Every structure is written in C-alpha cells, then in structure tokens.
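Chemist: Sharing query-v6.tsv here; it has TSV, C-alpha atoms.
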```tsv
chain	number	residue	atom	x	y	z
R	1	MET	CA	-17.08	-8.61	-20.97
R	2	SER	CA	-15.03	-5.46	-21.47
R	3	GLY	CA	-15.08	-2.09	-19.79
R	4	SER	CA	-13.46	1.32	-19.96
R	5	ILE	CA	-10.89	1.29	-17.14
R	6	GLU	CA	-9.42	4.60	-16.00
R	7	PHE	CA	-5.80	4.95	-14.92
R	8	LYS	CA	-4.66	8.13	-13.20
R	9	LEU	CA	-1.47	9.54	-11.74
R	10	PHE	CA	-1.32	12.62	-9.51
R	11	ALA	CA	1.83	14.48	-10.59
R	12	PRO	CA	0.98	18.19	-10.86
R	13	ARG	CA	4.53	19.46	-11.47
R	14	ASN	CA	5.52	16.81	-14.05
R	15	GLU	CA	5.33	17.59	-17.77
R	16	LYS	CA	4.69	14.17	-19.32
R	17	ALA	CA	3.29	10.78	-18.36
R	18	ALA	CA	2.20	7.65	-20.18
R	19	LEU	CA	0.65	4.33	-19.25
R	20	ILE	CA	2.43	1.09	-20.15
R	21	GLY	CA	1.17	-2.41	-19.49
R	22	SER	CA	0.68	-5.99	-20.56
R	23	PHE	CA	-2.53	-4.88	-22.32
R	24	SER	CA	-0.49	-2.66	-24.70
R	25	ASP	CA	2.52	-4.97	-25.10
R	26	TRP	CA	4.27	-2.40	-22.86
R	27	GLN	CA	3.95	0.31	-25.50
R	28	GLU	CA	3.16	3.84	-24.31
R	29	ILE	CA	-0.42	5.06	-24.08
R	30	PRO	CA	-0.25	8.88	-23.70
R	31	MET	CA	-1.98	10.45	-20.70
R	32	GLU	CA	-3.48	13.94	-20.45
R	33	LYS	CA	-3.18	16.12	-17.34
R	34	ASP	CA	-6.32	17.76	-15.95
R	35	GLU	CA	-6.61	21.05	-14.05
R	36	LYS	CA	-6.14	19.26	-10.72
R	37	GLY	CA	-2.73	17.82	-11.59
R	38	CYS	CA	-3.87	14.28	-12.49
R	39	PHE	CA	-2.70	12.52	-15.63
R	40	ARG	CA	-5.57	10.34	-16.88
R	41	VAL	CA	-6.36	7.84	-19.59
R	42	SER	CA	-9.08	5.23	-20.06
R	43	VAL	CA	-8.42	1.88	-21.73
R	44	ASP	CA	-10.94	-0.69	-22.91
R	45	LEU	CA	-10.01	-3.99	-21.23
R	46	GLU	CA	-11.56	-7.44	-21.35
R	47	ASP	CA	-12.21	-9.24	-18.06
R	48	GLY	CA	-8.93	-10.63	-16.75
R	49	GLN	CA	-5.73	-9.77	-14.91
R	50	TYR	CA	-3.11	-7.32	-16.18
R	51	GLN	CA	0.16	-5.69	-15.15
R	52	TYR	CA	1.01	-2.01	-15.57
R	53	LYS	CA	3.32	0.90	-14.76
R	54	PHE	CA	3.62	4.59	-15.56
R	55	ARG	CA	6.35	6.22	-17.63
R	56	VAL	CA	6.91	9.72	-16.26
R	57	GLN	CA	9.21	12.62	-16.97
R	58	SER	CA	10.80	12.93	-13.56
R	59	ASN	CA	10.83	16.17	-11.61
R	60	SER	CA	13.23	14.85	-8.96
R	61	PRO	CA	16.63	16.59	-8.71
R	62	ASN	CA	18.79	13.55	-9.52
R	63	LEU	CA	16.56	12.48	-12.45
R	64	LEU	CA	15.31	15.84	-13.68
R	65	GLY	CA	13.81	15.61	-17.16
R	66	GLN	CA	14.46	11.89	-17.60
R	67	MET	CA	11.67	9.50	-18.59
R	68	VAL	CA	11.46	6.85	-15.87
R	69	ASP	CA	9.21	3.81	-15.33
R	70	VAL	CA	7.53	3.75	-11.92
R	71	ASN	CA	4.80	1.82	-10.21
R	72	ASP	CA	1.56	3.58	-9.38
R	73	PRO	CA	1.85	5.16	-5.90
R	74	TYR	CA	-1.79	4.03	-5.45
R	75	MET	CA	-1.07	0.49	-6.65
R	76	LYS	CA	-3.25	-1.97	-4.69
R	77	GLU	CA	-1.32	-5.15	-5.50
R	78	MET	CA	2.19	-5.96	-6.78
R	79	ASP	CA	3.24	-9.05	-8.70
R	80	ARG	CA	6.09	-10.37	-6.55
R	81	HIS	CA	8.06	-11.76	-9.51
R	82	SER	CA	7.93	-8.84	-11.97
R	83	GLU	CA	7.29	-6.18	-9.29
R	84	ASN	CA	4.74	-4.54	-11.59
R	85	GLY	CA	1.35	-3.30	-10.48
R	86	VAL	CA	-1.56	-5.72	-10.87
R	87	ILE	CA	-5.14	-4.88	-11.81
R	88	ARG	CA	-8.14	-7.18	-12.28
R	89	VAL	CA	-11.20	-6.54	-14.40
R	90	LYS	CA	-14.45	-8.41	-13.82
R	91	GLU	CA	-17.76	-7.73	-15.52
R	92	GLY	CA	-16.21	-4.62	-17.04
R	93	ASN	CA	-15.15	-3.12	-13.69
R	94	ARG	CA	-11.83	-2.80	-11.93
R	95	ILE	CA	-11.77	-4.92	-8.75
R	96	LEU	CA	-9.25	-5.98	-6.11
R	97	ASP	CA	-10.85	-9.36	-5.39
R	98	THR	CA	-14.25	-10.98	-4.94
R	99	TYR	CA	-14.16	-11.65	-1.18
R	100	VAL	CA	-17.55	-11.58	0.59
R	101	TRP	CA	-17.44	-10.50	4.24
R	102	GLN	CA	-19.14	-12.87	6.70
R	103	HIS	CA	-18.73	-11.44	10.21
R	104	ASP	CA	-19.06	-7.65	9.99
R	105	GLN	CA	-21.96	-7.65	12.45
R	106	ASN	CA	-20.12	-9.44	15.26
R	107	SER	CA	-19.62	-7.48	18.47
R	108	LEU	CA	-16.03	-6.52	19.28
R	109	PRO	CA	-14.38	-5.44	22.56
R	110	GLU	CA	-14.24	-1.80	23.65
R	111	ASN	CA	-10.89	-0.01	23.77
R	112	ARG	CA	-10.78	-0.15	27.57
R	113	ASP	CA	-11.06	-3.96	27.50
R	114	LEU	CA	-8.35	-4.75	24.95
R	115	ILE	CA	-5.76	-7.49	25.52
R	116	ILE	CA	-3.38	-7.01	22.60
R	117	TYR	CA	-1.13	-9.56	20.94
R	118	GLU	CA	1.57	-7.99	18.71
R	119	MET	CA	2.30	-10.09	15.64
R	120	HIS	CA	4.87	-10.21	12.87
R	121	ILE	CA	3.01	-12.34	10.38
R	122	THR	CA	6.04	-14.30	9.08
R	123	ASP	CA	7.54	-15.02	12.50
R	124	PHE	CA	4.14	-16.11	13.76
R	125	CYS	CA	3.60	-18.52	10.87
R	126	GLY	CA	7.15	-19.71	10.10
R	127	ASP	CA	9.79	-18.00	8.01
R	128	GLU	CA	9.97	-20.36	5.04
R	129	VAL	CA	9.44	-18.60	1.71
R	130	GLU	CA	6.60	-20.01	-0.40
R	131	ILE	CA	7.80	-19.55	-3.96
R	132	GLU	CA	4.63	-20.23	-5.92
R	133	GLU	CA	1.82	-19.06	-3.64
R	134	PRO	CA	2.55	-17.27	-0.36
R	135	ILE	CA	0.13	-18.48	2.31
R	136	LYS	CA	1.21	-16.68	5.48
R	137	PHE	CA	-2.27	-15.31	6.20
R	138	LYS	CA	-3.81	-18.71	5.61
R	139	LYS	CA	-1.38	-20.21	8.13
R	140	ALA	CA	-2.22	-17.49	10.63
R	141	ILE	CA	-5.94	-18.23	10.30
R	142	ARG	CA	-5.28	-21.84	11.36
R	143	LYS	CA	-3.72	-20.56	14.60
R	144	LEU	CA	-6.47	-18.11	15.60
R	145	ASP	CA	-8.14	-20.65	17.89
R	146	TYR	CA	-4.85	-20.88	19.78
R	147	LEU	CA	-4.79	-17.09	20.23
R	148	GLU	CA	-8.42	-17.04	21.28
R	149	ASN	CA	-7.66	-19.65	23.95
R	150	LEU	CA	-4.81	-17.48	25.21
R	151	GLY	CA	-7.43	-14.90	26.11
R	152	ILE	CA	-6.36	-12.08	23.75
R	153	ASN	CA	-9.03	-10.03	22.02
R	154	ALA	CA	-6.94	-7.82	19.70
R	155	ILE	CA	-4.06	-8.36	17.28
R	156	ALA	CA	-1.61	-5.57	16.45
R	157	LEU	CA	0.08	-6.46	13.19
R	158	MET	CA	3.52	-5.14	12.36
R	159	PRO	CA	3.59	-3.29	8.99
R	160	LEU	CA	1.87	-5.12	6.12
R	161	THR	CA	2.53	-2.81	3.19
R	162	GLU	CA	4.82	-3.86	0.35
R	163	TYR	CA	8.50	-3.60	1.21
R	164	ASP	CA	11.77	-4.55	-0.50
R	165	GLY	CA	12.44	-8.31	-0.39
R	166	ASP	CA	10.53	-11.11	1.32
R	167	TYR	CA	11.52	-10.79	4.98
R	168	ARG	CA	11.62	-7.58	6.97
R	169	TRP	CA	9.80	-6.09	9.91
R	170	GLY	CA	8.11	-3.75	7.44
R	171	TYR	CA	9.36	-0.39	8.68
R	172	MET	CA	10.82	0.67	5.30
R	173	PRO	CA	7.68	0.92	3.13
R	174	ARG	CA	7.76	1.18	-0.66
R	175	PHE	CA	4.05	1.11	-1.54
R	176	PHE	CA	1.42	2.28	0.93
R	177	PHE	CA	-1.67	0.68	-0.61
R	178	ALA	CA	-0.26	-2.72	-1.64
R	179	LEU	CA	-0.23	-5.66	0.76
R	180	GLU	CA	3.19	-7.31	1.21
R	181	SER	CA	3.10	-9.94	-1.55
R	182	SER	CA	5.16	-12.51	0.38
R	183	TYR	CA	2.33	-12.77	2.94
R	184	GLY	CA	-0.50	-13.69	0.58
R	185	LYS	CA	-3.24	-12.23	-1.58
R	186	PRO	CA	-5.63	-9.43	-0.59
R	187	GLN	CA	-8.50	-11.90	-0.17
R	188	ASP	CA	-6.31	-13.91	2.25
R	189	PHE	CA	-5.86	-10.92	4.52
R	190	LYS	CA	-9.58	-10.12	4.30
R	191	GLN	CA	-10.36	-13.66	5.41
R	192	PHE	CA	-7.85	-13.29	8.27
R	193	VAL	CA	-9.59	-10.11	9.48
R	194	ASP	CA	-13.01	-11.72	9.03
R	195	GLU	CA	-12.02	-14.81	11.01
R	196	CYS	CA	-10.60	-12.60	13.78
R	197	HIS	CA	-13.91	-10.74	13.97
R	198	ALA	CA	-15.74	-14.07	14.09
R	199	ARG	CA	-13.85	-14.76	17.34
R	200	GLY	CA	-14.37	-11.29	18.79
R	201	ILE	CA	-10.78	-10.25	18.04
R	202	ARG	CA	-10.07	-6.75	16.75
R	203	VAL	CA	-7.31	-6.16	14.18
R	204	PHE	CA	-4.94	-3.19	14.19
R	205	ILE	CA	-2.14	-2.50	11.71
R	206	ASP	CA	1.09	-0.55	12.01
R	207	CYS	CA	1.57	2.14	9.32
R	208	ILE	CA	4.78	4.07	8.65
R	209	PHE	CA	4.12	7.63	7.54
R	210	ASN	CA	7.45	9.18	8.58
R	211	HIS	CA	9.66	7.94	5.77
R	212	THR	CA	9.94	5.54	2.83
R	213	ASN	CA	12.49	3.22	1.29
R	214	ASP	CA	14.57	4.70	-1.54
R	215	PRO	CA	12.72	2.87	-4.38
R	216	SER	CA	9.43	4.60	-3.48
R	217	PRO	CA	7.72	5.96	-6.64
R	218	LEU	CA	7.05	9.32	-4.97
R	219	LEU	CA	10.81	9.84	-4.73
R	220	THR	CA	11.26	9.10	-8.41
R	221	ILE	CA	8.31	11.16	-9.65
R	222	ASP	CA	8.88	14.43	-7.76
R	223	ARG	CA	10.97	14.21	-4.60
R	224	ASP	CA	10.69	17.82	-3.47
R	225	TYR	CA	6.90	17.77	-3.78
R	226	TRP	CA	6.53	14.94	-1.27
R	227	TYR	CA	9.68	14.97	0.88
R	228	TYR	CA	12.03	17.22	2.76
R	229	ARG	CA	14.96	17.92	0.46
R	230	ASP	CA	17.37	17.30	3.32
R	231	ARG	CA	16.86	15.59	6.65
R	232	HIS	CA	14.10	17.05	8.78
R	233	TYR	CA	16.34	16.88	11.86
R	234	PRO	CA	19.90	16.76	10.46
R	235	GLU	CA	21.43	16.73	13.93
R	236	ASP	CA	19.63	13.51	14.90
R	237	ASP	CA	21.40	10.72	13.00
R	238	ALA	CA	20.10	8.02	15.33
R	239	ASN	CA	16.51	8.64	14.27
R	240	TYR	CA	17.00	8.92	10.52
R	241	TRP	CA	15.52	5.88	8.79
R	242	GLY	CA	15.14	7.01	5.19
R	243	PRO	CA	13.82	9.84	3.00
R	244	GLU	CA	11.34	11.74	5.17
R	245	LEU	CA	7.88	12.70	3.97
R	246	SER	CA	7.11	16.39	4.42
R	247	TYR	CA	3.84	17.40	6.05
R	248	GLU	CA	4.75	21.07	5.63
R	249	ASN	CA	4.94	21.26	1.82
R	250	TYR	CA	2.01	23.29	0.50
R	251	ASP	CA	0.87	23.44	-3.12
R	252	GLU	CA	-0.33	27.03	-3.54
R	253	THR	CA	-1.76	26.35	-7.00
R	254	LEU	CA	-4.05	23.53	-5.84
R	255	GLY	CA	-4.44	24.79	-2.27
R	256	ILE	CA	-3.45	21.47	-0.69
R	257	LYS	CA	-0.82	19.83	1.47
R	258	PRO	CA	-0.20	16.82	-0.79
R	259	THR	CA	1.27	14.46	1.81
R	260	TRP	CA	-1.66	15.05	4.16
R	261	ASN	CA	-4.05	14.13	1.37
R	262	PHE	CA	-2.04	11.06	0.40
R	263	VAL	CA	-1.93	9.71	3.96
R	264	SER	CA	-5.65	10.39	4.38
R	265	ASP	CA	-6.27	8.26	1.28
R	266	VAL	CA	-4.08	5.48	2.70
R	267	VAL	CA	-5.95	5.40	6.02
R	268	GLN	CA	-9.36	5.40	4.38
R	269	PHE	CA	-8.34	2.64	2.00
R	270	TRP	CA	-7.19	0.20	4.69
R	271	ILE	CA	-10.25	0.81	6.83
R	272	GLN	CA	-12.76	0.58	3.99
R	273	GLU	CA	-11.14	-2.18	1.92
R	274	TYR	CA	-9.85	-4.46	4.69
R	275	HIS	CA	-12.27	-3.61	7.54
R	276	ILE	CA	-9.44	-3.17	10.05
R	277	ASP	CA	-10.25	-1.72	13.47
R	278	GLY	CA	-7.46	0.78	13.92
R	279	ILE	CA	-4.02	2.02	12.87
R	280	ARG	CA	-0.87	2.71	14.85
R	281	TYR	CA	1.07	5.57	13.24
R	282	ASP	CA	4.86	5.74	13.10
```
Written as structure tokens, how would this file's structure read?

Modeler:
Amino acid sequence: MSGSIEFKLFAPRNEKAALIGSFSDWQEIPMEKDEKGCFRVSVDLEDGQYQYKFRVQSNSPNLLGQMVDVNDPYMKEMDRHSENGVIRVKEGNRILDTYVWQHDQNSLPENRDLIIYEMHITDFCGDEVEIEEPIKFKKAIRKLDYLENLGINAIALMPLTEYDGDYRWGYMPRFFFALESSYGKPQDFKQFVDECHARGIRVFIDCIFNHTNDPSPLLTIDRDYWYYRDRHYPEDDANYWGPELSYENYDETLGIKPTWNFVSDVVQFWIQEYHIDGIRYD
C-alpha cells in the first residue's frame, strides 16, 4: 500500500529548502514555504522504511547562504550507522512503531509516596556496545523484578535523547525527539515503560532544554532564531555547557517565541508517544 506522506520543516527566515532521501536516490525534492514559515512537500511512498534529511540554505552566521544537509529537528528516530532520520510507512500512513500498550490502566503511586531510583540505562545494563541491535532497554526490563523487590516505585532516567556517540550521560543533546539509538528501538522503550507500569513503577525522564551539542540542526539552520548569539551569562564560565537556547527571542511576524513552542512540542511528544509520567527539566 502507498500513501501521501508529508514532510515539513519550520524555518521561517530561510530562503530555500529541499527534501532528500533514500526514496529519491538522495536527489532534491523542492519544498514550498507556507505563510507560517513551514517548508512542506508530500511524497507518495510505498509501505516500508526510509531514510531522509533536509537540504537548507542556512541562515546561521558562519554558514550564511550555504546549502547544508541537516537532519529534521523533529526527527523521531535516527539510524545509528548513517545518522540519517528514519521514517516508516504502514498501510499508507507514517508510523513510529506498532507497539500496543498493555498496562495503561494500572494504578501508580502518588507524588507524596514516591521512592525514586535514578538510572543511567547503559550503566544499569552493562556498558558493552551491541553493534547490530542495541538491546539496553530489553536488558533493563529483565531487571525490573529486582528493582521492584528493592521497594522502589519510580525510576528517574538520565537523558534518553539522541546524543553524539554511544556512551555519554546524555546532557549534550543533539535531537530532542529521537531516542538514543545505542539504547534500543522506540518499541523497546515503550515496552520498558509498560512493564514498569505493570509493577506499579512510575517513569520519569531527564530533559535538557538549556543548551545543545554543536551538531544540533537548529544551530545549522538558523542559529540566531533559536539561540543566544553569545553566552547568556558570559561571566559564568563554570556553567557554560554549550550553545544556549534562547527563551527570549520573539518572532514579531508570526507572533511566537519559537523556542517555547519547540520545547512544548518536545514535552507533549514524550508524554503522548511514550506514556512517561513526568519530566525533570535542566
């Protein structure tokens, strides 16, 4: 089955953008910008899995006017070998996976009763790198009975979003919607959350909204739209971790604070897609 699959990129101050992907032999498919600053194009795709990127005329100071290839800032999954965005099409629709939730109706502890176990998923499961198929979440599921017997009723996971490399604590994010590919597939994390809920264990995640790693696509697309041009607190070297997202920038044309909207989308995505129980902001 095939379907018309829409790709979009919010880049209101950029002049040109195109879609490239395995479905076009990596040849450009031009995109048109609408009145709300989104470049859009729809492509007829057969059911299957594909990789893609955007080719954008950068509006960032160090790349001004250059055509650059970037991953979708809203990319939901990254191929860990090519580092391209991944999309799946099933029955003519774009999907992330086909996981069916089993334990959404289970009762969970109130905030006042929480006994929290902080977890770095790799350290908890063993730090060996699985080359073919990362299975960190699957390993963690096998140890949930151990945690339940400890008496904990909540897990606070250190950052899970895609970062550079295969082993970090996760505090230098690159992609805010994509699960760290060295931990496992999206359906693996969903099963982890589901199995926690089956045991009456709530799941919280740590999200970093202060800064990003340098390869972040927002930096490449239009740095000054999303970030402070210089350090927010230039006198405080000890607390500078990377390019800092600006929550003050205001787009007068669209009447929005773009970073506020972006972070709101991130929060809603993780709650709705992965059924997590809360987020710690950093």

Chemist: Lys53 (chain R): which residues within 9 Å, counting only C-alpha atoms, same-chain residues fewer than 6 positions away excluded, as number ranges by chain?

Modeler: R: 18-21, 26, 69-72, 84-85

Chemist: Restricting it to C-alpha atoms, dump the selection as a CSV table (one decimal), in the coordinates of the input.

Modeler:
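part13.csv, written as the output of this step:
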```csv
chain,number,residue,atom,x,y,z
R,18,ALA,CA,2.2,7.6,-20.2
R,19,LEU,CA,0.6,4.3,-19.2
R,20,ILE,CA,2.4,1.1,-20.2
R,21,GLY,CA,1.2,-2.4,-19.5
R,26,TRP,CA,4.3,-2.4,-22.9
R,69,ASP,CA,9.2,3.8,-15.3
R,70,VAL,CA,7.5,3.8,-11.9
R,71,ASN,CA,4.8,1.8,-10.2
R,72,ASP,CA,1.6,3.6,-9.4
R,84,ASN,CA,4.7,-4.5,-11.6
R,85,GLY,CA,1.4,-3.3,-10.5
```

Chemist: With distances taken over only C-alpha atoms, which of R:Glu235, R:Asp44, R:Glu148, R:Asp123 is nearest to Phe7 (chain R)?

Modeler: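 Smallest separation from Phe7 (chain R) among the options: R:Asp44.
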
Chemist: I'd like to know which of R:His103, R:Arg223, R:Arg231, R:Arg199 is closest to Ser58 (chain R), using all atoms listed in the file.

Modeler: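 The shortest atom-to-atom distance to Ser58 (chain R) comes from R:Arg223.
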
Chemist: Quick one, how far is CA of Glu195 (chain R) from CA of Ile115 (chain R)?

Modeler: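 Between CA of Glu195 (chain R) and CA of Ile115 (chain R) the gap works out to 17.4 Å.
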
Chemist: Nearest to Asp113 (chain R) among R:Arg202, R:Glu244, R:Gly126, R:Trp270, with distances taken over only C-alpha atoms: which residue is it?

Modeler: R:Arg202

Chemist: Would you pick out the contacts of region 246-257 of chain R at 9 Å or less, using all atoms listed in the file, so that residues sharing its chain but fewer than 3 positions from it are not included, and give the list as a ChimeraX atom specification?

Modeler: /R:12,35-37,210-211,224-229,232,260-262

Chemist: Given the choices R:Asn153, R:Ser264, R:Gln27, R:Ser82, which gets closest to Phe204 (chain R) if the distance is worked out from all atoms listed in the file?

Modeler: R:Asn153

Chemist: Restricting the calculation to only C-alpha atoms, which member of R:Arg55, R:His197, R:Lys16, R:Arg94 is positioned closest to Gly3 (chain R)?

Modeler: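 Nearest to Gly3 (chain R): R:Arg94.
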
Chemist: Have a look at R:Leu96, R:Asp222, R:Tyr233, R:Phe177 and name the one nearest to Leu64 (chain R); count all atoms listed in the file.

Modeler: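 Nearest to Leu64 (chain R): R:Asp222.
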
Chemist: CA of Phe209 (chain R) to CA of Gln57 (chain R): how many Å, to one decimal?

Modeler: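 Result for CA of Phe209 (chain R) versus CA of Gln57 (chain R): 25.5 Å, one decimal.
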
Chemist: What does the structure give for the distance between CA of Trp169 (chain R) and CA of Asp265 (chain R), in Å to one decimal?

Modeler: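 A separation of 23.2 Å between them.
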
Chemist: What would region 202-220 of chain R look like with N, CA, C and O atoms in place, written as a CSV table (one decimal), in the frame of the given file?

Modeler:
```csv
chain,number,residue,atom,x,y,z
R,202,ARG,N,-10.3,-7.9,17.6
R,202,ARG,CA,-10.1,-6.8,16.8
R,202,ARG,C,-8.7,-6.8,16.1
R,202,ARG,O,-7.8,-7.5,16.6
R,203,VAL,N,-8.6,-6.1,15.0
R,203,VAL,CA,-7.3,-6.2,14.2
R,203,VAL,C,-6.8,-4.7,14.0
R,203,VAL,O,-7.6,-3.9,13.4
R,204,PHE,N,-5.6,-4.5,14.4
R,204,PHE,CA,-4.9,-3.2,14.2
R,204,PHE,C,-3.7,-3.4,13.3
R,204,PHE,O,-3.1,-4.5,13.4
R,205,ILE,N,-3.4,-2.4,12.5
R,205,ILE,CA,-2.1,-2.5,11.7
R,205,ILE,C,-1.2,-1.3,12.0
R,205,ILE,O,-1.7,-0.3,12.5
R,206,ASP,N,0.1,-1.6,11.8
R,206,ASP,CA,1.1,-0.6,12.0
R,206,ASP,C,1.4,0.1,10.7
R,206,ASP,O,1.7,-0.6,9.7
R,207,CYS,N,1.3,1.4,10.6
R,207,CYS,CA,1.6,2.1,9.3
R,207,CYS,C,2.7,3.1,9.5
R,207,CYS,O,2.8,3.8,10.6
R,208,ILE,N,3.6,3.2,8.6
R,208,ILE,CA,4.8,4.1,8.6
R,208,ILE,C,4.6,5.3,7.7
R,208,ILE,O,4.6,5.1,6.5
R,209,PHE,N,4.4,6.4,8.3
R,209,PHE,CA,4.1,7.6,7.5
R,209,PHE,C,5.2,8.7,7.7
R,209,PHE,O,5.1,9.8,7.3
R,210,ASN,N,6.3,8.3,8.4
R,210,ASN,CA,7.4,9.2,8.6
R,210,ASN,C,8.4,9.2,7.4
R,210,ASN,O,8.9,10.3,7.1
R,211,HIS,N,8.6,8.1,6.8
R,211,HIS,CA,9.7,7.9,5.8
R,211,HIS,C,9.3,6.8,4.8
R,211,HIS,O,8.3,6.1,5.0
R,212,THR,N,10.1,6.7,3.8
R,212,THR,CA,9.9,5.5,2.8
R,212,THR,C,11.3,5.0,2.5
R,212,THR,O,12.3,5.5,2.8
R,213,ASN,N,11.3,3.8,1.9
R,213,ASN,CA,12.5,3.2,1.3
R,213,ASN,C,12.9,4.0,0.0
R,213,ASN,O,12.0,4.7,-0.6
R,214,ASP,N,14.1,3.9,-0.4
R,214,ASP,CA,14.6,4.7,-1.5
R,214,ASP,C,13.8,4.4,-2.8
R,214,ASP,O,13.6,5.3,-3.7
R,215,PRO,N,13.4,3.1,-3.1
R,215,PRO,CA,12.7,2.9,-4.4
R,215,PRO,C,11.3,3.4,-4.5
R,215,PRO,O,10.6,3.1,-5.4
R,216,SER,N,10.8,4.1,-3.5
R,216,SER,CA,9.4,4.6,-3.5
R,216,SER,C,9.2,5.4,-4.7
R,216,SER,O,10.0,6.3,-5.1
R,217,PRO,N,8.0,5.2,-5.4
R,217,PRO,CA,7.7,6.0,-6.6
R,217,PRO,C,7.6,7.5,-6.4
R,217,PRO,O,7.9,8.2,-7.3
R,218,LEU,N,7.2,7.9,-5.2
R,218,LEU,CA,7.0,9.3,-5.0
R,218,LEU,C,8.4,10.0,-5.1
R,218,LEU,O,8.5,11.2,-5.5
R,219,LEU,N,9.5,9.3,-4.6
R,219,LEU,CA,10.8,9.8,-4.7
R,219,LEU,C,11.2,10.0,-6.2
R,219,LEU,O,11.9,11.0,-6.5
R,220,THR,N,10.8,9.1,-7.0
R,220,THR,CA,11.3,9.1,-8.4
R,220,THR,C,10.5,10.1,-9.2
R,220,THR,O,11.0,10.8,-10.1
```
